[in-house]
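Structure below is my_file-v2.cif: mmCIF, C-alpha atoms.
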data_target
#
loop_
_atom_site.label_atom_id
_atom_site.label_comp_id
_atom_site.auth_asym_id
_atom_site.auth_seq_id
_atom_site.Cartn_x
_atom_site.Cartn_y
_atom_site.Cartn_z
CA MET A 6 28.78 -21.74 34.42
CA HIS A 7 28.12 -18.07 35.30
CA GLU A 8 27.13 -15.20 33.04
CA THR A 9 30.68 -13.85 33.46
CA SER A 10 32.05 -17.01 31.80
CA LEU A 11 29.85 -16.38 28.80
CA LEU A 12 31.10 -12.79 28.59
CA LEU A 13 34.69 -13.95 29.08
CA PHE A 14 34.19 -16.41 26.22
CA ILE A 15 32.95 -13.63 23.93
CA VAL A 16 35.87 -11.34 24.87
CA LYS A 17 38.28 -14.18 24.06
CA VAL A 18 36.52 -14.75 20.71
CA VAL A 19 36.70 -11.07 19.74
CA VAL A 20 40.43 -10.75 20.58
CA LEU A 21 41.25 -14.03 18.83
CA PHE A 22 39.16 -13.10 15.81
CA LEU A 23 41.04 -9.82 15.31
CA LEU A 24 44.40 -11.59 15.54
CA LEU A 25 43.34 -14.48 13.31
CA LEU A 26 41.85 -12.13 10.73
CA LEU A 27 45.24 -10.45 10.35
CA LEU A 28 46.90 -13.86 10.12
CA TYR A 29 44.33 -14.97 7.55
CA TYR A 30 44.92 -11.83 5.48
CA TRP A 31 48.65 -12.51 5.58
CA ALA A 32 48.13 -16.13 4.43
CA SER A 33 45.32 -15.31 1.99
CA PRO A 34 47.53 -15.38 -1.18
CA TYR A 35 47.74 -19.14 -0.51
CA LEU A 36 44.41 -19.86 1.18
CA LEU A 37 42.33 -17.98 -1.42
CA LEU A 38 43.75 -20.08 -4.26
CA PHE A 39 41.28 -22.84 -3.30
CA LEU A 40 38.39 -20.39 -3.60
CA ALA A 41 39.62 -18.91 -6.90
CA LYS A 42 40.10 -22.35 -8.47
CA GLY A 43 36.85 -23.73 -7.00
CA THR A 44 34.71 -20.81 -8.20
CA GLU A 45 36.40 -20.79 -11.60
CA SER A 46 35.71 -24.52 -12.09
CA VAL A 47 32.04 -24.21 -11.05
CA LEU A 48 31.37 -21.16 -13.23
CA ILE A 49 33.16 -22.61 -16.27
CA GLU A 50 31.09 -25.78 -15.84
CA LEU A 51 27.79 -23.89 -15.44
CA TYR A 52 28.46 -21.09 -17.94
CA PRO A 53 30.77 -22.47 -20.62
CA GLY A 54 31.83 -19.68 -22.96
CA PHE A 55 31.10 -16.93 -20.40
CA ILE A 56 33.94 -17.01 -17.87
CA GLU A 57 37.56 -17.44 -18.94
CA SER A 58 39.37 -17.32 -15.60
CA ILE A 59 39.33 -16.16 -11.98
CA THR A 60 42.76 -15.28 -10.64
CA LEU A 61 44.03 -13.77 -7.42
CA LYS A 62 45.85 -10.45 -7.85
CA ASN A 63 46.79 -8.24 -4.90
CA TYR A 64 44.19 -9.80 -2.58
CA GLN A 65 41.46 -9.30 -5.22
CA PHE A 66 39.92 -11.79 -7.61
CA GLU A 67 40.16 -10.72 -11.21
CA VAL A 68 37.28 -12.23 -13.17
CA VAL A 69 38.05 -12.35 -16.90
CA THR A 70 35.08 -13.06 -19.17
CA PHE A 71 34.82 -13.96 -22.83
CA PHE A 72 32.54 -10.96 -23.38
CA GLU A 73 33.87 -8.17 -25.48
CA ILE A 74 33.62 -4.62 -24.16
CA ALA A 75 31.23 -2.67 -26.36
CA ASN A 76 32.95 -0.42 -28.92
CA ILE A 77 36.44 -1.69 -28.03
CA LYS A 78 37.36 -4.43 -30.49
CA GLY A 79 39.23 -7.32 -28.90
CA ALA A 80 39.01 -5.99 -25.31
CA GLN A 81 37.69 -8.62 -22.93
CA LEU A 82 35.42 -7.61 -20.07
CA ALA A 83 37.12 -8.09 -16.69
CA PHE A 84 36.20 -6.96 -13.18
CA ASP A 85 37.40 -7.36 -9.60
CA ILE A 86 35.71 -9.04 -6.64
CA ASN A 87 36.95 -8.70 -3.07
CA PRO A 88 37.16 -12.32 -1.81
CA LEU A 89 37.82 -11.35 1.81
CA LYS A 90 34.21 -10.14 2.09
CA TYR A 91 33.20 -13.79 1.71
CA THR A 92 35.97 -15.46 3.68
CA TYR A 93 36.41 -13.61 7.00
CA GLY A 94 34.12 -16.23 8.54
CA PHE A 95 36.83 -18.87 8.64
CA PRO A 96 38.99 -16.92 11.15
CA LEU A 97 35.77 -16.32 13.09
CA PHE A 98 35.18 -20.08 13.27
CA VAL A 99 38.75 -20.74 14.42
CA ALA A 100 38.41 -18.01 17.09
CA LEU A 101 35.17 -19.57 18.39
CA THR A 102 36.77 -23.02 18.43
CA ILE A 103 39.98 -21.96 20.19
CA ALA A 104 37.89 -20.15 22.84
CA SER A 105 35.91 -23.37 23.47
CA ASN A 106 37.09 -26.19 25.68
CA SER A 107 37.59 -29.09 23.25
CA ARG A 108 40.95 -30.86 22.92
CA TRP A 109 43.54 -29.20 20.67
CA MET A 110 43.56 -32.15 18.29
CA ASP A 111 39.77 -31.83 17.92
CA LYS A 112 40.07 -28.08 17.35
CA LEU A 113 42.50 -28.80 14.54
CA TRP A 114 40.18 -31.32 12.90
CA TYR A 115 37.12 -29.07 13.29
CA SER A 116 39.04 -26.19 11.70
CA LEU A 117 40.16 -28.32 8.78
CA ILE A 118 36.61 -29.57 8.13
CA ALA A 119 35.21 -26.05 8.59
CA PHE A 120 37.72 -24.70 6.08
CA PHE A 121 36.28 -26.92 3.36
CA ILE A 122 32.64 -26.48 4.39
CA THR A 123 32.94 -22.67 4.50
CA LEU A 124 34.74 -22.90 1.15
CA LEU A 125 31.51 -24.21 -0.42
CA PHE A 126 29.58 -21.18 0.85
CA GLN A 127 32.40 -18.89 -0.28
CA ILE A 128 32.16 -20.38 -3.77
CA TRP A 129 28.41 -19.69 -3.58
CA GLY A 130 29.12 -16.06 -2.60
CA VAL A 131 31.77 -15.27 -5.19
CA GLY A 132 29.96 -17.30 -7.88
CA PHE A 133 26.64 -15.51 -7.48
CA ASP A 134 28.40 -12.15 -7.14
CA THR A 135 30.07 -12.79 -10.50
CA ILE A 136 26.74 -13.63 -12.14
CA ARG A 137 25.09 -10.63 -10.41
CA HIS A 138 27.80 -8.37 -11.86
CA LEU A 139 27.12 -9.63 -15.38
CA LEU A 140 23.34 -9.47 -14.99
CA PHE A 141 22.89 -6.13 -13.27
CA GLU A 142 26.07 -4.06 -13.65
CA PHE A 143 27.58 -2.47 -16.78
CA ASN A 144 24.16 -0.92 -17.55
CA GLY A 145 22.75 -4.39 -18.17
CA ALA A 146 24.84 -4.73 -21.37
CA TYR A 147 25.45 -8.44 -20.78
CA ALA A 148 22.09 -9.45 -19.25
CA ALA A 149 20.69 -10.51 -22.62
CA TYR A 150 23.28 -13.30 -22.93
CA PHE A 151 21.70 -15.07 -19.95
CA ASP A 152 18.13 -14.98 -21.27
CA TYR A 153 16.75 -15.26 -17.75
CA ALA A 154 13.16 -14.64 -16.68
CA ASP A 155 12.52 -12.02 -13.99
CA PHE A 156 11.97 -14.76 -11.41
CA THR A 157 15.42 -16.25 -12.09
CA LYS A 158 17.02 -12.81 -11.93
CA ASN A 159 15.35 -12.18 -8.55
CA ALA A 160 16.48 -15.61 -7.31
CA ILE A 161 20.07 -14.81 -8.33
CA SER A 162 19.84 -11.46 -6.56
CA LEU A 163 18.55 -13.22 -3.41
CA ALA A 164 21.27 -15.88 -3.61
CA SER A 165 23.92 -13.21 -4.05
CA GLN A 166 22.65 -11.26 -1.02
CA LEU A 167 22.59 -14.46 1.06
CA GLY A 168 26.15 -15.22 0.00
CA PHE A 169 27.33 -11.75 0.97
CA LEU A 170 25.22 -10.68 3.95
CA ILE A 171 24.32 -13.88 5.78
CA PHE A 172 26.55 -16.86 5.00
CA PRO A 173 30.02 -15.42 5.74
CA SER A 174 29.22 -14.69 9.39
CA LEU A 175 26.41 -17.16 10.09
CA ILE A 176 27.87 -20.41 8.70
CA PRO A 177 30.92 -20.33 11.03
CA VAL A 178 28.64 -19.82 14.05
CA ILE A 179 26.40 -22.75 13.00
CA LEU A 180 29.43 -25.00 12.43
CA TRP A 181 30.86 -24.00 15.81
CA GLY A 182 27.51 -24.80 17.48
CA TYR A 183 27.51 -28.22 15.81
CA PHE A 184 31.13 -29.20 16.56
CA GLU A 185 31.26 -27.70 20.06
CA ASN A 186 27.70 -28.64 21.08
CA GLN A 187 28.82 -29.97 24.49
CA TYR A 188 30.52 -26.65 25.28
CA VAL A 189 27.44 -24.74 24.08
CA LEU A 190 25.37 -26.77 26.55
CA THR A 191 27.65 -25.63 29.39
CA LEU A 192 27.42 -22.02 28.17
CA VAL A 193 23.62 -22.09 28.28
CA GLY A 194 23.55 -23.84 31.64
CA VAL A 195 22.20 -27.23 30.54
CA LYS A 196 25.46 -29.02 31.49
CA LYS A 197 27.72 -28.27 34.44
CA MET B 25 18.97 -44.06 26.48
CA GLU B 26 19.19 -44.74 22.77
CA SER B 27 15.72 -43.41 22.04
CA SER B 28 16.46 -40.28 24.12
CA HIS B 29 19.58 -39.69 22.02
CA SER B 30 17.67 -40.15 18.77
CA ASP B 31 14.89 -37.87 20.10
CA LYS B 32 17.47 -35.15 20.73
CA THR B 33 18.96 -35.63 17.27
CA GLN B 34 15.48 -35.41 15.75
CA GLN B 35 14.75 -32.25 17.78
CA GLY B 36 18.05 -30.77 16.61
CA ASN B 37 17.29 -31.57 12.96
CA TYR B 38 13.77 -30.16 13.33
CA PHE B 39 15.14 -26.96 14.87
CA PHE B 40 17.68 -26.57 12.10
CA LEU B 41 15.12 -27.17 9.35
CA ILE B 42 12.67 -24.60 10.79
CA PHE B 43 15.54 -22.15 11.35
CA ALA B 44 16.79 -22.46 7.76
CA LEU B 45 13.25 -22.15 6.35
CA LEU B 46 12.42 -19.10 8.45
CA LEU B 47 15.72 -17.52 7.48
CA LEU B 48 14.98 -17.97 3.79
CA VAL B 49 11.38 -16.73 4.08
CA LEU B 50 12.24 -13.68 6.20
CA PHE B 51 15.20 -12.77 4.04
CA THR B 52 13.10 -13.06 0.87
CA LEU B 53 10.39 -10.90 2.47
CA GLU B 54 13.02 -8.30 3.35
CA LEU B 55 14.01 -7.99 -0.30
CA LEU B 56 10.44 -7.37 -1.53
CA SER B 57 10.07 -3.81 -2.79
CA VAL B 58 6.97 -3.21 -0.64
CA VAL B 59 8.93 -4.18 2.51
CA GLN B 60 11.91 -2.10 1.38
CA THR B 61 9.67 0.93 0.84
CA HIS B 62 7.62 0.69 4.02
CA ILE B 63 9.98 -0.88 6.56
CA VAL B 64 13.64 -1.15 5.49
CA ASN B 65 14.14 2.34 4.04
CA PRO B 66 12.26 4.23 6.79
CA TRP B 67 14.18 2.22 9.39
CA THR B 68 17.49 2.98 7.68
CA TYR B 69 16.65 6.73 7.53
CA PHE B 70 15.64 6.62 11.20
CA LEU B 71 18.97 4.95 12.08
CA SER B 72 20.95 7.68 10.32
CA LYS B 73 18.95 10.34 12.20
CA ILE B 74 19.63 8.57 15.54
CA GLY B 75 23.32 8.19 14.65
CA ALA B 76 23.60 11.88 13.75
CA ALA B 77 21.70 12.93 16.90
CA ILE B 78 24.14 10.96 19.09
CA ILE B 79 27.17 12.36 17.24
CA LEU B 80 25.76 15.90 17.68
CA LEU B 81 25.92 15.45 21.46
CA PHE B 82 29.72 15.73 21.31
CA ASP B 83 30.48 16.92 17.79
CA ASP B 84 28.50 19.64 16.01
CA GLY B 85 28.74 20.00 12.27
CA VAL B 86 26.98 16.77 11.37
CA ILE B 87 23.82 16.38 9.33
CA ALA B 88 21.68 13.40 8.37
CA TYR B 89 19.52 13.07 5.28
CA GLN B 90 17.88 9.87 4.08
CA GLN B 91 20.43 7.12 4.87
CA VAL B 92 23.44 9.47 4.87
CA ILE B 93 25.38 10.99 7.79
CA GLN B 94 27.66 13.79 6.68
CA ASN B 95 30.34 15.94 8.24
CA THR B 96 29.43 19.47 7.13
CA GLU B 97 33.01 20.74 7.51
CA THR B 98 34.92 18.09 5.55
CA GLY B 99 32.07 16.85 3.38
CA PHE B 100 32.88 13.25 4.37
CA ALA B 101 29.74 11.11 4.45
CA VAL B 102 28.71 7.56 5.19
CA ALA B 103 25.61 5.99 3.69
CA ILE B 104 23.88 3.20 5.59
CA ALA B 105 23.58 0.50 2.94
CA PRO B 106 21.67 -2.81 2.97
CA GLY B 107 23.51 -5.06 5.41
CA CYS B 108 24.47 -2.11 7.60
CA ASN B 109 21.03 -1.44 9.08
CA GLY B 110 21.08 -4.48 11.38
CA ILE B 111 17.98 -5.97 9.78
CA GLU B 112 19.76 -9.12 8.56
CA ALA B 113 21.12 -9.75 12.06
CA VAL B 114 17.61 -9.28 13.50
CA ILE B 115 16.30 -11.79 10.92
CA VAL B 116 18.88 -14.40 12.01
CA LEU B 117 17.95 -13.91 15.69
CA LEU B 118 14.24 -13.97 14.90
CA ALA B 119 14.58 -17.24 12.97
CA ALA B 120 16.67 -18.84 15.75
CA ILE B 121 14.25 -17.79 18.53
CA LEU B 122 11.12 -18.75 16.61
CA ALA B 123 12.57 -22.15 15.69
CA TYR B 124 13.36 -23.03 19.30
CA PRO B 125 10.61 -24.65 21.41
CA ALA B 126 9.73 -22.02 24.04
CA THR B 127 6.65 -20.20 25.32
CA ILE B 128 5.30 -17.24 23.34
CA LYS B 129 6.13 -14.97 26.29
CA ASP B 130 9.77 -16.12 26.30
CA LYS B 131 10.00 -15.74 22.54
CA LEU B 132 8.57 -12.22 22.62
CA LEU B 133 10.95 -11.25 25.42
CA GLY B 134 13.95 -12.67 23.53
CA ILE B 135 12.94 -10.94 20.30
CA SER B 136 12.32 -7.55 21.98
CA ILE B 137 15.55 -7.51 23.97
CA GLY B 138 17.44 -8.98 21.03
CA ILE B 139 16.27 -6.27 18.60
CA ILE B 140 17.28 -3.56 21.09
CA ALA B 141 20.71 -5.17 21.71
CA ILE B 142 21.42 -5.61 18.00
CA GLN B 143 20.31 -2.11 17.04
CA LEU B 144 22.27 -0.49 19.89
CA MET B 145 25.38 -2.32 18.71
CA ASN B 146 24.55 -1.26 15.16
CA ILE B 147 24.44 2.41 16.14
CA VAL B 148 27.90 1.97 17.71
CA ARG B 149 28.98 0.42 14.40
CA ILE B 150 27.63 3.35 12.35
CA ILE B 151 29.21 6.01 14.58
CA SER B 152 32.56 4.19 14.74
CA LEU B 153 32.61 3.82 10.94
CA PHE B 154 31.76 7.51 10.50
CA TYR B 155 34.89 8.46 12.46
CA LEU B 156 37.12 5.67 11.15
CA GLY B 157 36.33 6.73 7.59
CA GLN B 158 37.59 10.23 8.32
CA TYR B 159 40.70 8.92 10.03
CA ASN B 160 41.92 6.09 7.78
CA GLU B 161 40.36 4.56 4.67
CA THR B 162 42.02 1.14 5.04
CA LEU B 163 40.89 0.81 8.64
CA PHE B 164 37.40 1.84 7.57
CA ASP B 165 37.33 -0.87 4.87
CA TRP B 166 38.47 -3.54 7.31
CA ALA B 167 36.06 -2.49 10.01
CA HIS B 168 33.19 -2.11 7.57
CA SER B 169 33.61 -5.22 5.43
CA TYR B 170 34.92 -7.80 7.89
CA ILE B 171 35.21 -6.84 11.56
CA TRP B 172 31.81 -5.29 12.23
CA GLN B 173 30.04 -7.95 10.16
CA ALA B 174 31.47 -10.60 12.47
CA LEU B 175 30.90 -8.56 15.64
CA ILE B 176 27.22 -8.04 14.85
CA MET B 177 26.82 -11.81 14.36
CA LEU B 178 28.61 -12.37 17.67
CA ASP B 179 26.12 -9.94 19.22
CA VAL B 180 23.32 -12.14 17.87
CA LEU B 181 25.08 -15.19 19.33
CA ILE B 182 25.46 -13.58 22.79
CA VAL B 183 21.80 -12.54 22.90
CA TYR B 184 20.75 -16.03 21.80
CA LEU B 185 22.97 -17.84 24.33
CA PHE B 186 21.73 -15.58 27.16
CA TRP B 187 18.16 -16.21 26.05
CA LEU B 188 18.69 -19.99 25.99
CA ARG B 189 20.30 -19.78 29.43
CA ARG B 190 17.26 -17.90 30.77
CA ILE B 191 14.85 -20.43 29.22
CA ASN B 192 16.75 -23.32 30.79
CA LYS B 193 16.87 -21.59 34.17
CA SER B 194 13.12 -21.04 34.24
CA ALA B 195 12.52 -24.61 33.00
CA ASN B 196 14.66 -25.99 35.85
CA ALA B 197 13.16 -23.71 38.52
#
Conversion result in structure tokens:
Amino acid sequence: MHETSLLLFIVKVVVLFLLLLLLYYWASPYLLLFLAKGTESVLIELYPGFIESITLKNYQFEVVTFFEIANIKGAQLAFDINPLKYTYGFPLFVALTIASNSRWMDKLWYSLIAFFITLLFQIWGVGFDTIRHLLFEFNGAYAAYFDYADFTKNAISLASQLGFLIFPSLIPVILWGYFENQYVLTLVGVKK
Amino acid sequence: MESSHSDKTQQGNYFFLIFALLLLVLFTLELLSVVQTHIVNPWTYFLSKIGAAIILLFDDGVIAYQQVIQNTETGFAVAIAPGCNGIEAVIVLLAAILAYPATIKDKLLGISIGIIAIQLMNIVRIISLFYLGQYNETLFDWAHSYIWQALIMLDVLIVYLFWLRRINKSANA
């Protein structure tokens, strides 16, 4: 396979990614329900009494907590998180897979498996972002409820950064490399 | 045949383990305040200066200070935040190249060319976002939060695949 094939592959991936991202955005009111429910379940399990619900409203997650806003009696603290920042990787995976040379049935299976694997990392991203909000935002008003040592706070900050900066774009590429390893070998010239 | 297959699987697992470990170590190092102060922030300021210098070639009325590029006429400004300075992408490439069994010379070559390729692409990202932000806020948000994030990772992938191809070529020669 020549260098031009590698470049052609990348051009295909970029065009497909842009189209699939639009498609994903259009379908996100349905697709993001898995992420909202998954993150809500994990956070309620790990922090009972902290998080009341995570719901999807106008393409944003609304996180409602049990914390009361200071000086406003009865007002619950709520904030928004943009879930698409954590989920654009799935269309990227599908673009990489469609541009590869596996059978269509395999592409379908890989995409289905990748949807659920990336979902775990998305739950990581949104989950740690929620905790980061409560620990470090709102002038630290809610940090005391967690009673975390500095090391734990730093670990949460690191996990949150990983979930936002690295996982959304890297995990799809790793999954693609794993599922389409024979095609990768042709791209790097090991296989003809 | 069977042992060769299991050898390859073991090599693959070994590569992935080293890659993941390096990624975690390098990313943790990046977040240390001493690294932020002496490497990340100066690099980010330098990037904004380079971005502004390139923009000035065809568009006067732009200034750069710290990590900010600003249009002096409209007041519109973009700040290069963590995640927009290309350092995370460099870390991913670095971890992938270091984890792969190759000669030091090949690794150094891959890292040097890779850093240049990623940072060139990143300057294109910064300049494009500076103009997109002045043109349309929604487009800016999409380009900033989703599209460029994926494109930079694809840039890392291209550099890595080309590097692997070169390694294999020289191994077969």
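The part of chain B that reaches within 9 Å of chain A is made up of Leu48, Phe51, Thr52, Leu55, Pro106, Gly107, Glu112, Ala113, Val116, Ser169, Tyr170, Ile171, Gln173, Ala174, Leu175, Ile176, Met177, Leu178, Leu181, Ile182, Leu185, Phe186, Trp187, Leu188, Arg189, Arg190, Ile191, Asn192 and Lys193 of chain B, counting all atoms listed in the file.
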Counting all atoms listed in the file, the residue of B:Met145, B:Leu45, B:Ala88, B:Pro66 that sits nearest Leu122 of chain B: B:Leu45
Distance query segment 133-144 of chain A at most 8 Å, only C-alpha atoms, self and fewer than 2 positions along chain excluded, as a VMD selection string: chain A and resid 68 86 129 to 131 146 to 148 151 158 161 to 162 164 to 165 168
Evaluate the PyMOL selection byres ((chain A and resi 180) around 10) and report residues as a ChimeraX atom specification: /A:98,101-102,115-116,118-119,122-123,175-179,181-186
Option closest in space to Gln143 of chain B, from B:Asn196, B:Asn109, B:Thr96, B:Gln90 [counting only C-alpha atoms]: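 Checking each candidate against Gln143 of chain B, we get B:Asn109 as the closest.
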Atom-to-atom span, atom CA of Ile151 of chain B and atom CA of Gly75 of chain B, Å: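 Pair atom CA of Ile151 of chain B / atom CA of Gly75 of chain B returns 6.3 Å.
The interatomic distance for the pair atom CA of Ile128 of chain A and atom CA of Phe172 of chain A works out to 11.0 Å.
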Residues near Phe43 of chain B, cut-off 6 Å, all atoms listed in the file, skip fewer than 4 positions along chain, as a list in words: Phe39, Ala119, Ala120 and Ala123 of chain B
Matched chain/residue IDs from the PyMOL selection byres ((chain A and resi 42-59) around 7), as number ranges by chain: A: 38-41, 60-61, 66-72, 128, 131-132
Would you translate the PyMOL selection byres ((chain B and resi 83) around 12) into the concrete set of residues it matches in this file, as a tab-separated table (two decimals) with C-alpha atoms, keeping the file's coordinate frame?
chain	number	residue	atom	x	y	z
B	75	GLY	CA	23.32	8.19	14.65
B	76	ALA	CA	23.60	11.88	13.75
B	77	ALA	CA	21.70	12.93	16.90
B	78	ILE	CA	24.14	10.96	19.09
B	79	ILE	CA	27.17	12.36	17.24
B	80	LEU	CA	25.76	15.90	17.68
B	81	LEU	CA	25.92	15.45	21.46
B	82	PHE	CA	29.72	15.73	21.31
B	84	ASP	CA	28.50	19.64	16.01
B	85	GLY	CA	28.74	20.00	12.27
B	86	VAL	CA	26.98	16.77	11.37
B	87	ILE	CA	23.82	16.38	9.33
B	94	GLN	CA	27.66	13.79	6.68
B	95	ASN	CA	30.34	15.94	8.24
B	96	THR	CA	29.43	19.47	7.13
B	97	GLU	CA	33.01	20.74	7.51
B	151	ILE	CA	29.21	6.01	14.58
B	154	PHE	CA	31.76	7.51	10.50
B	155	TYR	CA	34.89	8.46	12.46
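A straight line drawn from atom CA of Tyr124 of chain B to atom CA of Ile111 of chain B is 20.1 Å long.
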Residues within 9 Å of segment 164-168 of chain B, only C-alpha atoms, excluding chain neighbours under 2 positions, as a ChimeraX atom specification: /B:108,149,152-162,170-173
Nearby residues, (21.3, 3.7, 2.4) file frame, 10 Å, only C-alpha atoms, as a list in words: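 All residues meeting the 10 Å criterion around (21.3, 3.7, 2.4) are Val64, Asn65, Thr68, Tyr69, Ser72, Tyr89, Gln90, Gln91, Val92, Ile93, Val102, Ala103, Ile104, Ala105, Pro106, Gly107, Cys108 and Asn109 of chain B.
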